[in-house]
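Next comes query.txt, a file with compact mmCIF, C-alpha atoms.
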# COMPACT_ATOMS: atom_id res chain seq x y z
CA LEU A 1 203.88 240.33 138.30
CA LEU A 2 205.72 242.10 141.09
CA HIS A 3 206.86 238.75 142.52
CA LEU A 4 208.11 237.73 139.09
CA LYS A 5 210.07 240.97 138.75
CA GLU A 6 211.49 241.05 142.28
CA ARG A 7 212.27 237.33 142.62
CA TYR A 8 213.38 236.47 139.07
CA GLY A 9 214.10 239.81 137.40
CA ALA A 10 211.57 239.09 134.66
CA GLU A 11 208.73 241.23 133.33
CA PRO A 12 206.27 240.23 130.60
CA ASP A 13 206.10 242.60 127.67
CA PHE A 14 202.32 242.39 127.36
CA PHE A 15 199.18 241.60 129.35
CA SER A 16 196.13 240.39 127.43
CA PHE A 17 192.50 239.42 127.92
CA ASN A 18 192.21 236.28 125.80
CA GLU A 19 189.69 236.84 122.97
CA PRO A 20 187.64 239.41 124.93
CA ASP A 21 185.33 240.02 121.95
CA LEU A 22 184.23 236.37 122.18
CA GLY A 23 184.37 236.05 125.95
CA VAL A 24 186.57 232.97 126.34
CA ASP A 25 187.31 234.12 129.91
CA ILE A 26 185.99 237.67 130.09
CA VAL A 27 183.77 239.39 127.52
CA PHE A 28 184.09 243.11 126.83
CA SER A 29 182.51 245.43 124.35
CA GLY A 30 184.97 247.58 122.44
CA GLU A 31 184.31 250.42 124.87
CA GLU A 32 184.74 248.19 127.93
CA HIS A 33 187.99 246.87 126.44
CA ARG A 34 189.20 250.47 126.18
CA ASP A 35 188.20 251.27 129.77
CA GLU A 36 189.93 248.20 131.22
CA ILE A 37 193.09 248.87 129.24
CA ARG A 38 193.18 252.36 130.73
CA ARG A 39 192.39 251.16 134.27
CA ILE A 40 194.78 248.19 134.42
CA GLY A 41 197.46 249.96 132.39
CA THR A 42 197.44 252.80 134.90
CA HIS A 43 197.77 250.35 137.78
CA LEU A 44 200.70 248.45 136.21
CA ALA A 45 202.50 251.71 135.52
CA SER A 46 201.97 252.84 139.13
CA LEU A 47 203.74 249.66 140.29
CA GLY A 48 206.76 250.47 138.14
CA LEU A 49 206.16 247.55 135.79
CA LYS A 50 207.08 247.80 132.12
CA THR A 51 204.24 245.46 131.09
CA LYS A 52 201.94 247.05 128.50
CA MET A 53 198.46 246.00 127.41
CA LEU A 54 197.77 244.00 124.25
CA LEU A 55 195.14 245.70 122.12
CA GLY A 56 192.53 243.44 120.57
CA ASP A 57 193.70 239.83 120.79
CA THR A 58 190.42 239.03 119.07
CA ALA A 59 189.13 235.52 118.40
CA ASN A 60 189.37 235.81 114.60
CA PRO A 61 190.52 238.27 111.92
CA ARG A 62 187.16 238.77 110.16
CA ASP A 63 186.46 242.53 110.39
CA SER A 64 187.37 242.32 114.08
CA HIS A 65 189.75 245.26 113.71
CA ARG A 66 186.68 247.43 114.39
CA TYR A 67 186.72 246.11 117.95
CA VAL A 68 189.92 248.05 118.75
CA LEU A 69 188.78 251.39 117.30
CA PRO A 70 187.33 252.81 120.56
CA THR A 71 190.70 252.27 122.25
CA ALA A 72 192.65 253.53 119.24
CA ALA A 73 190.68 256.80 119.40
CA ASP A 74 191.50 257.31 123.09
CA ALA A 75 194.93 258.85 123.58
CA ASP A 76 194.88 258.20 127.33
CA ALA A 77 194.20 254.49 126.89
CA MET A 78 196.76 254.17 124.09
CA ARG A 79 199.55 255.26 126.45
CA TYR A 80 199.32 251.78 127.99
CA VAL A 81 199.14 249.74 124.76
CA GLY A 82 202.31 248.00 123.57
CA ALA A 83 201.13 245.97 120.57
CA VAL A 84 198.09 245.07 118.46
CA SER A 85 196.93 241.46 118.22
CA PHE A 86 194.41 239.14 116.60
CA HIS A 87 193.95 235.37 116.35
CA SER A 88 193.69 233.75 112.94
CA TRP A 89 191.11 231.01 113.67
CA GLY A 90 188.89 230.39 110.66
CA GLY A 91 190.99 232.63 108.46
CA GLY A 92 190.08 235.82 106.67
CA THR A 93 190.22 237.54 103.31
CA PRO A 94 193.24 239.51 102.09
CA GLU A 95 191.26 242.70 102.77
CA GLN A 96 190.55 241.65 106.37
CA TYR A 97 194.22 240.84 106.96
CA ARG A 98 195.25 244.17 105.43
CA ALA A 99 192.83 246.00 107.73
CA TRP A 100 194.72 244.67 110.76
CA ARG A 101 198.03 245.57 109.10
CA ASP A 102 196.76 249.10 108.57
CA VAL A 103 195.66 249.45 112.21
CA GLY A 104 199.15 248.52 113.38
CA ARG A 105 200.74 250.98 110.97
CA TRP A 106 198.30 253.74 111.91
CA LEU A 107 199.08 253.30 115.60
CA GLY A 108 202.81 252.78 115.04
CA LEU A 109 202.75 249.50 116.98
CA PRO A 110 203.85 245.93 116.16
CA LEU A 111 201.11 243.58 114.98
CA ILE A 112 201.09 240.09 116.51
CA VAL A 113 199.09 237.05 115.41
CA ALA A 114 199.05 235.71 118.96
CA GLU A 115 197.24 232.48 118.04
CA ALA A 116 198.00 231.27 114.53
CA GLY A 117 195.68 228.37 113.76
CA THR A 118 193.07 227.27 111.24
CA ASP A 119 190.37 225.17 112.95
CA PRO A 120 189.67 225.91 116.65
CA GLY A 121 187.72 222.66 117.03
CA SER A 122 190.17 220.27 115.41
CA TYR A 123 191.49 219.02 118.75
CA LYS A 124 188.13 217.28 119.28
CA ASN A 125 188.53 214.77 116.45
CA ASP A 126 192.30 214.69 115.78
CA VAL A 127 191.86 216.05 112.25
CA PHE A 128 194.88 218.25 112.96
CA ASN A 129 197.10 215.17 112.66
CA SER A 130 196.53 214.99 108.90
CA TYR A 131 198.94 216.20 106.24
CA ALA A 132 196.07 218.10 104.61
CA TYR A 133 195.55 220.07 107.83
CA GLY A 134 199.25 220.93 107.82
CA LEU A 135 199.09 222.20 104.25
CA GLY A 136 196.17 224.40 105.28
CA GLU A 137 198.24 225.85 108.11
CA MET A 138 201.13 226.60 105.76
CA ARG A 139 198.76 228.33 103.34
CA MET A 140 197.36 230.49 106.14
CA TYR A 141 200.85 231.47 107.32
CA GLN A 142 201.84 232.47 103.80
CA GLU A 143 198.69 234.58 103.43
CA LEU A 144 199.18 236.21 106.84
CA LEU A 145 202.78 237.06 106.01
CA ARG A 146 201.78 238.55 102.66
CA TYR A 147 198.72 240.56 103.67
CA ALA A 148 198.82 241.19 107.44
CA GLN A 149 202.63 241.45 107.61
CA PRO A 150 202.84 240.78 111.37
CA ALA A 151 205.94 241.22 113.47
CA ALA A 152 205.27 237.80 115.04
CA LEU A 153 203.28 234.69 114.16
CA VAL A 154 202.71 232.55 117.26
CA PHE A 155 201.75 228.96 116.41
CA TRP A 156 198.91 227.51 118.50
CA GLU A 157 200.23 225.44 120.13
CA PHE A 158 203.18 223.21 121.04
CA THR A 159 201.09 221.04 123.35
CA GLU A 160 199.25 217.75 122.99
CA ASP A 161 195.90 219.13 121.81
CA TYR A 162 197.44 220.51 118.61
CA GLY A 163 200.71 218.62 118.94
CA LEU A 164 203.23 218.35 116.10
CA ALA A 165 204.55 215.15 117.69
CA HIS A 166 203.08 212.38 119.85
CA ALA A 167 204.35 209.71 122.19
CA ASP A 168 203.85 206.11 121.06
CA ALA A 169 203.02 203.17 123.33
CA ASP A 170 206.66 202.92 124.40
CA GLY A 171 206.92 206.60 125.22
CA LYS A 172 209.00 207.43 122.15
CA VAL A 173 208.26 210.82 120.63
CA VAL A 174 207.16 210.44 117.01
CA PRO A 175 206.95 213.53 114.75
CA THR A 176 203.89 214.03 112.57
CA LEU A 177 204.11 215.34 109.01
CA ARG A 178 202.98 218.71 110.37
CA PHE A 179 206.17 218.75 112.43
CA TYR A 180 208.28 218.80 109.26
CA LEU A 181 206.11 221.42 107.58
CA MET A 182 206.53 223.69 110.60
CA LYS A 183 210.26 222.93 110.67
CA HIS A 184 210.63 224.73 107.33
CA PHE A 185 209.60 227.99 108.99
CA THR A 186 211.27 227.51 112.37
CA ASN A 187 214.61 226.03 111.28
CA LEU A 188 215.24 227.66 107.91
CA THR A 189 214.00 231.23 108.45
CA PRO A 190 216.85 233.31 109.91
CA LEU A 191 216.36 234.98 113.28
CA LYS A 192 215.70 238.74 113.24
CA CYS A 193 215.30 238.83 109.47
CA GLU A 194 213.18 241.00 107.19
CA ASN A 195 210.07 239.74 105.40
CA VAL A 196 210.24 241.09 101.85
CA ALA A 197 207.54 241.52 99.23
CA SER A 198 206.77 238.42 97.17
CA SER A 199 203.92 237.16 95.02
CA SER A 200 202.76 234.24 92.89
CA ASP A 201 200.75 234.27 89.66
CA GLN A 202 199.23 230.85 90.43
CA PRO A 203 196.24 230.52 92.83
CA ASP A 204 197.54 227.32 94.42
CA VAL A 205 201.17 228.38 94.84
CA PHE A 206 202.08 230.57 97.83
CA VAL A 207 205.43 232.14 98.55
CA SER A 208 207.16 234.18 101.26
CA ALA A 209 210.72 235.47 101.30
CA PHE A 210 213.07 236.65 104.03
CA VAL A 211 216.46 238.35 103.94
CA LYS A 212 219.20 238.84 106.50
CA GLY A 213 222.40 240.39 105.31
CA ASN A 214 223.35 238.58 102.10
CA GLY A 215 221.27 235.52 103.01
CA ILE A 216 217.88 234.81 101.43
CA THR A 217 215.25 232.22 102.39
CA VAL A 218 212.24 231.53 100.15
CA HIS A 219 209.34 229.30 101.26
CA ILE A 220 207.14 227.92 98.46
CA LEU A 221 203.89 226.05 99.13
CA ASN A 222 202.35 224.12 96.24
CA THR A 223 198.85 222.92 97.13
CA GLY A 224 198.13 221.63 93.62
CA GLY A 225 199.70 219.19 91.18
CA ALA A 226 203.36 218.86 90.27
CA ARG A 227 204.65 221.79 88.22
CA ASP A 228 207.67 223.75 87.08
CA VAL A 229 208.15 227.23 88.51
CA SER A 230 210.28 230.16 87.44
CA PHE A 231 211.52 233.03 89.58
CA THR A 232 212.19 236.70 88.99
CA GLY A 233 214.07 239.00 91.32
CA LEU A 234 216.30 236.29 92.84
CA PRO A 235 220.00 235.63 92.23
CA THR A 236 220.75 232.67 89.95
CA SER A 237 223.27 231.49 92.52
CA VAL A 238 223.55 228.06 94.09
CA TRP A 239 220.77 227.36 96.60
CA LYS A 240 220.18 224.70 99.22
CA ARG A 241 216.79 223.01 98.81
CA VAL A 242 214.56 221.25 101.35
CA THR A 243 211.22 219.74 100.27
CA THR A 244 208.50 218.02 102.29
CA THR A 245 205.80 215.86 100.70
CA GLU A 246 203.32 213.44 102.21
CA THR A 247 205.65 210.54 101.45
CA THR A 248 209.04 212.22 101.92
CA PRO A 249 209.32 214.63 104.87
CA TRP A 250 212.28 216.99 105.01
CA GLY A 251 214.01 215.83 101.85
CA GLU A 252 217.29 217.72 101.64
CA SER A 253 218.84 217.79 98.19
CA ALA A 254 222.13 218.86 96.75
CA THR A 255 222.44 222.53 95.94
CA VAL A 256 220.38 223.66 92.97
CA ALA A 257 220.37 226.56 90.56
CA LEU A 258 217.18 228.46 89.79
CA THR A 259 217.67 227.94 86.06
CA PRO A 260 216.20 225.98 84.34
CA PRO A 261 212.76 226.18 86.04
CA LEU A 262 212.47 224.37 89.35
CA ARG A 263 210.22 221.31 89.69
CA LEU A 264 207.76 221.35 92.60
CA PRO A 265 206.15 218.02 93.63
CA ALA A 266 202.40 217.88 94.11
CA ARG A 267 201.12 219.06 97.50
CA SER A 268 204.56 220.01 98.71
CA PHE A 269 206.41 222.61 100.74
CA THR A 270 209.81 223.67 99.43
CA THR A 271 212.33 226.02 101.00
CA LEU A 272 215.28 227.51 99.16
CA VAL A 273 218.20 228.94 101.14
CA LEU A 274 220.89 230.94 99.38
CA ALA A 275 224.04 228.87 99.91
CA LYS A 276 227.01 230.70 101.39
Structure re-expressed in structure tokens:
Amino acid sequence: LLHLKERYGAEPDFFSFNEPDLGVDIVFSGEEHRDEIRRIGTHLASLGLKTKMLLGDTANPRDSHRYVLPTAADADAMRYVGAVSFHSWGGGTPEQYRAWRDVGRWLGLPLIVAEAGTDPGSYKNDVFNSYAYGLGEMRMYQELLRYAQPAALVFWEFTEDYGLAHADADGKVVPTLRFYLMKHFTNLTPLKCENVASSSDQPDVFVSAFVKGNGITVHILNTGGARDVSFTGLPTSVWKRVTTTETTPWGESATVALTPPLRLPARSFTTLVLAK
């Protein structure tokens, strides 16, 4: 870390033990996690480094917030903590996501989903290449945004084992359908925006909304059959629409109005962007 700072002028924001509750590399009890945060945090500070410790970074969200409570109750250890983190593998209930949200709010620290993924074993059988797997990812992201309300969602991962694109026999990079589903979030959500409250009255329709200045972006996931949807709380202005289905990825349409009700194709992901 000192070499990185002195040679390149760069310092990481956070240092983490990867999934220490599970022991992917190192296993700690909650109390040992607290003690190591205090010990290593003290050492980094003595070197003049700004790098803080990442609290938690647990293997899954299922009641794992309890793992960070020994550290949270230790004021000395908390001086060296910069953010709270969990991984989303296997998913959780709304209550379990809210528990992590509440820990971040209680401590006054940003909450990070440092590994956002659904099935930690999917790289073994390539099931992650399916459109259905991609829809499951989009559903999880929508639920995390609604209930956990993290400051950052870090997709796991832009490499070959969970790749959104693959090289064919000629070396040409070919996007998968998951690539286009992810593109809705990465290309259409404004940078440094605010995630605002949103909800759906249908169990197989999920929505998240973001604002920046006068701009609004709304992501709508429909995991069921084709349907008409109506909106409340949004301007009836002209919107740009992008929809991805299993047969038509990234279908950009002419601008649309939100009245009459909007038609959502079956098993689709639609993004509306308020046209300037």
Excluding range 33-38 of chain A and residues on its chain fewer than 6 positions from it, collect all residues at most 9 Å away from it, counting all atoms listed in the file, and give them as a tab-separated table (two decimals) with C-alpha atoms, in the coordinates of the input.
chain	number	residue	atom	x	y	z
A	17	PHE	CA	192.50	239.42	127.92
A	20	PRO	CA	187.64	239.41	124.93
A	21	ASP	CA	185.33	240.02	121.95
A	27	VAL	CA	183.77	239.39	127.52
A	53	MET	CA	198.46	246.00	127.41
A	54	LEU	CA	197.77	244.00	124.25
A	55	LEU	CA	195.14	245.70	122.12
A	56	GLY	CA	192.53	243.44	120.57
A	67	TYR	CA	186.72	246.11	117.95
A	68	VAL	CA	189.92	248.05	118.75
A	69	LEU	CA	188.78	251.39	117.30
A	70	PRO	CA	187.33	252.81	120.56
A	71	THR	CA	190.70	252.27	122.25
A	72	ALA	CA	192.65	253.53	119.24
A	74	ASP	CA	191.50	257.31	123.09
A	76	ASP	CA	194.88	258.20	127.33
A	77	ALA	CA	194.20	254.49	126.89
A	78	MET	CA	196.76	254.17	124.09
A	79	ARG	CA	199.55	255.26	126.45
A	80	TYR	CA	199.32	251.78	127.99
A	81	VAL	CA	199.14	249.74	124.76
- [ ] Would you mind telling me which residue in A:Leu144, A:Val211, A:Val24, A:Ala169 lies nearest to Cys193 in chain A when using all atoms listed in the file?
- [x]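 Closest to Cys193 in chain A of all the choices is A:Val211.
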Task: Counting only C-alpha atoms, the residue of A:Ala132, A:Ala257, A:Val218, A:Ala10 that sits nearest His184 in chain A - done: A:Val218
- [ ] Could you give me, as a ChimeraX atom specification, the residues within 10 Å of Ser130 in chain A, counting all atoms listed in the file and dropping anything in the same chain fewer than 2 positions from it?
- [x] /A:126-128,132-135,176-178,246
Dump as an mmCIF file, in the frame of the given file, selection limited to C-alpha atoms:
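Here's the written file out37.cif:
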data_model
loop_
_atom_site.group_PDB
_atom_site.id
_atom_site.type_symbol
_atom_site.label_atom_id
_atom_site.label_comp_id
_atom_site.auth_asym_id
_atom_site.auth_seq_id
_atom_site.Cartn_x
_atom_site.Cartn_y
_atom_site.Cartn_z
ATOM 1 C CA ASP A 126 192.300 214.690 115.780
ATOM 2 C CA VAL A 127 191.860 216.050 112.250
ATOM 3 C CA PHE A 128 194.880 218.250 112.960
ATOM 4 C CA ALA A 132 196.070 218.100 104.610
ATOM 5 C CA TYR A 133 195.550 220.070 107.830
ATOM 6 C CA GLY A 134 199.250 220.930 107.820
ATOM 7 C CA LEU A 135 199.090 222.200 104.250
ATOM 8 C CA THR A 176 203.890 214.030 112.570
ATOM 9 C CA LEU A 177 204.110 215.340 109.010
ATOM 10 C CA ARG A 178 202.980 218.710 110.370
ATOM 11 C CA GLU A 246 203.320 213.440 102.210
#
Task: Point-to-point distance in Å for CA of Arg267 in chain A and CA of Thr245 in chain A - done: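 These atoms are spaced 6.5 Å apart.
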Task: Among the residues A:Leu22, A:Ala266, A:Ala59, A:Leu4, the one that comes closest to Thr248 in chain A [using all atoms listed in the file] - done: A:Ala266
- [ ] Kindly give the distance, in Å, that separates CA of Phe14 in chain A and CA of Gly104 in chain A, rounded to a single decimal.
- [x]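 A separation of 15.6 Å between them.
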Open item on the list: Taking all atoms listed in the file into account, name the residue in A:Val205, A:Ala152, A:Val273, A:Leu264 that is nearest to Lys240 in chain A.
Closed with: A:Val273
- [ ] Quick one: pull the distance between CA of Thr217 in chain A and CA of Phe185 in chain A, Å, one decimal.
- [x]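 One can read the CA of Thr217 in chain A to CA of Phe185 in chain A distance as 9.7 Å.
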Open item on the list: Show me, as a list in words, the residues that have an atom within 12 Å of Leu1 in chain A when counting all atoms listed in the file, minus same-chain residues fewer than 4 positions from it.
Closed with: Lys5, Glu6, Arg7, Tyr8, Gly9, Ala10, Glu11, Pro12, Asp13, Phe14, Phe15, His43, Leu44, Ala45, Leu47, Gly48, Leu49, Lys50 and Thr51 of chain A
Open item on the list: Need to verify the contact set: Gly251 in chain A, 6 Å, only C-alpha atoms, exclusion of same-chain residues closer than 5 positions in sequence. Can you return it as a PyMOL selection string?
Closed with: chain A and resi 242-244
Open item on the list: I'd like the contact shell of Val207 in chain A - 9 Å cut-off, only C-alpha atoms, skipping same-chain residues fewer than 3 positions apart - returned as a list in words.
Closed with: Gln142, Glu143, Arg146, Ser198, Ser199, Ser200, Val218, His219, Ile220, Leu221 and Asn222 of chain A
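Considering all atoms listed in the file, the residue among A:Leu181, A:Leu234, A:Ala99, A:Ala114 positioned nearest to Pro249 in chain A is A:Leu181.
Take the candidates A:Thr186, A:Ser16, A:Asn125, A:Asn195 and check each one against Ala83 in chain A using only C-alpha atoms; the shortest distance goes to A:Ser16.
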